[in-house]
Amino acid sequence: EIRQIFDQVVSLGNTRAGDEYVLGGAVTDKPPFLADGTYVGDSTVRRAQIDESTTIATNHTGDTALESALSALKGFATALTSGTAVQVQGSFATLEAARQQALQGETEIGVRLNEVKDVVTSLGARSTAILDHRDAVRNADPAESAMKVLSAQTALERAYAVVGRVLQTTILDFLR
């Protein structure tokens with residue numbers, strides 16, 4: 001039974017998404033685990049930019065994700081076949097540590113998914129704002145817009161004239 005579980009873990013470690021092996025790091029064209037559980041991938045964690053200032057890891061490597069579980073299963077199998085009761089009980093701690101590491105990996109994936117959801121929400125809001133702005137520009141009346149610009153320009157010129165008179169009077173008053 002332990003051998004079957006071990007083989008299942010190796011099979012999970014060799015999972016493919018499309019044409020790529022998921023846990024192989026940068027080595028995605030061949031299985032990252034041999035049948036004996038040896039990891040032959042690398043430790044490269046690939047990253048993807050999901051926003052201007054946000055990048056996230058897009059994979060876990062097999063050495064961090066499954067090597068401790070495979071090692072714990074090997075140790076447990078060895079303890080069952082040739083060890084003492086104390087050794088078998090001791091291997092439970094190693095199996096528990098591997099389980100905790102797997103849970104930590106799941107937690108990291110959850111955090112990454114939340115980051116992606118937050119960025120998707122942010123990008124959706126930005127997209128809506130941009131589309132609203134685009135629609136406003138498309139629906140703008142050129143003649144009305146030109147009149148508004150001319151009106152704003154006239155108001156600005158009048159404000160400059162008033163400020164100029166105030167400053168001129170103040171400077172002349174100051175010089176007297």
# chains A, B, ... in the order shown; residues from 1 in each chain; ligands from 1
$ select_by_dssp --residues "range 52-146 of chain A" --states "alpha helix (DSSP H)" --output "VMD selection string"
chain A and resid 62 to 65 67 to 82 85 to 139 142 to 146
$ select_by_dssp --residues "range 31-129 of chain A" --states "strand (DSSP E or B)" --output "list of chain:residue names"
A:Phe33, A:Tyr39, A:Arg47, A:Ala48, A:Gln49, A:Ile50, A:Asp51, A:Thr54, A:Thr55, A:Ile56, A:Ala57
$ write_last_selection --atoms "C-alpha atoms" --output "PDB file, in the first residue's frame"
ATOM      1  CA  PHE A  33      10.406  12.715 -11.148  1.00  0.00           C
ATOM      2  CA  TYR A  39      13.775  14.751  -8.714  1.00  0.00           C
ATOM      3  CA  ARG A  47       7.099  34.366 -12.353  1.00  0.00           C
ATOM      4  CA  ALA A  48       4.448  36.234 -14.291  1.00  0.00           C
ATOM      5  CA  GLN A  49       3.629  39.922 -14.223  1.00  0.00           C
ATOM      6  CA  ILE A  50      -0.081  40.361 -13.572  1.00  0.00           C
ATOM      7  CA  ASP A  51      -0.106  44.137 -13.114  1.00  0.00           C
ATOM      8  CA  THR A  54       2.781  42.907  -9.282  1.00  0.00           C
ATOM      9  CA  THR A  55       4.449  39.637 -10.190  1.00  0.00           C
ATOM     10  CA  ILE A  56       3.585  36.243  -8.765  1.00  0.00           C
ATOM     11  CA  ALA A  57       5.172  32.827  -8.833  1.00  0.00           C
TER      12      ALA A  57
END
$ atom_distance --atom1 "CA of Asp132 in chain A" --atom2 "CA of Glu115 in chain A"
25.8 Å
$ atom_distance --atom1 "CA of Ala161 in chain A" --atom2 "CA of Pro142 in chain A"
28.5 Å
$ closest_atom_pairs --of "range 9-49 of chain A" --to "range 61-72 of chain A" --cutoff "6 Å" --atoms "only C-alpha atoms" --output "Markdown table"
| residue | atom | partner | partner_atom | distance |
| --- | --- | --- | --- | --- |
| A:Leu23 | CA | A:Thr61 | CA | 4.6 |
| A:Gly24 | CA | A:Thr61 | CA | 5.8 |
| A:Gly25 | CA | A:Thr61 | CA | 5.1 |
| A:Ser43 | CA | A:Thr61 | CA | 5.9 |
$ atom_distance --atom1 "CA of Gly18 in chain A" --atom2 "CA of Gln4 in chain A"
25.7 Å
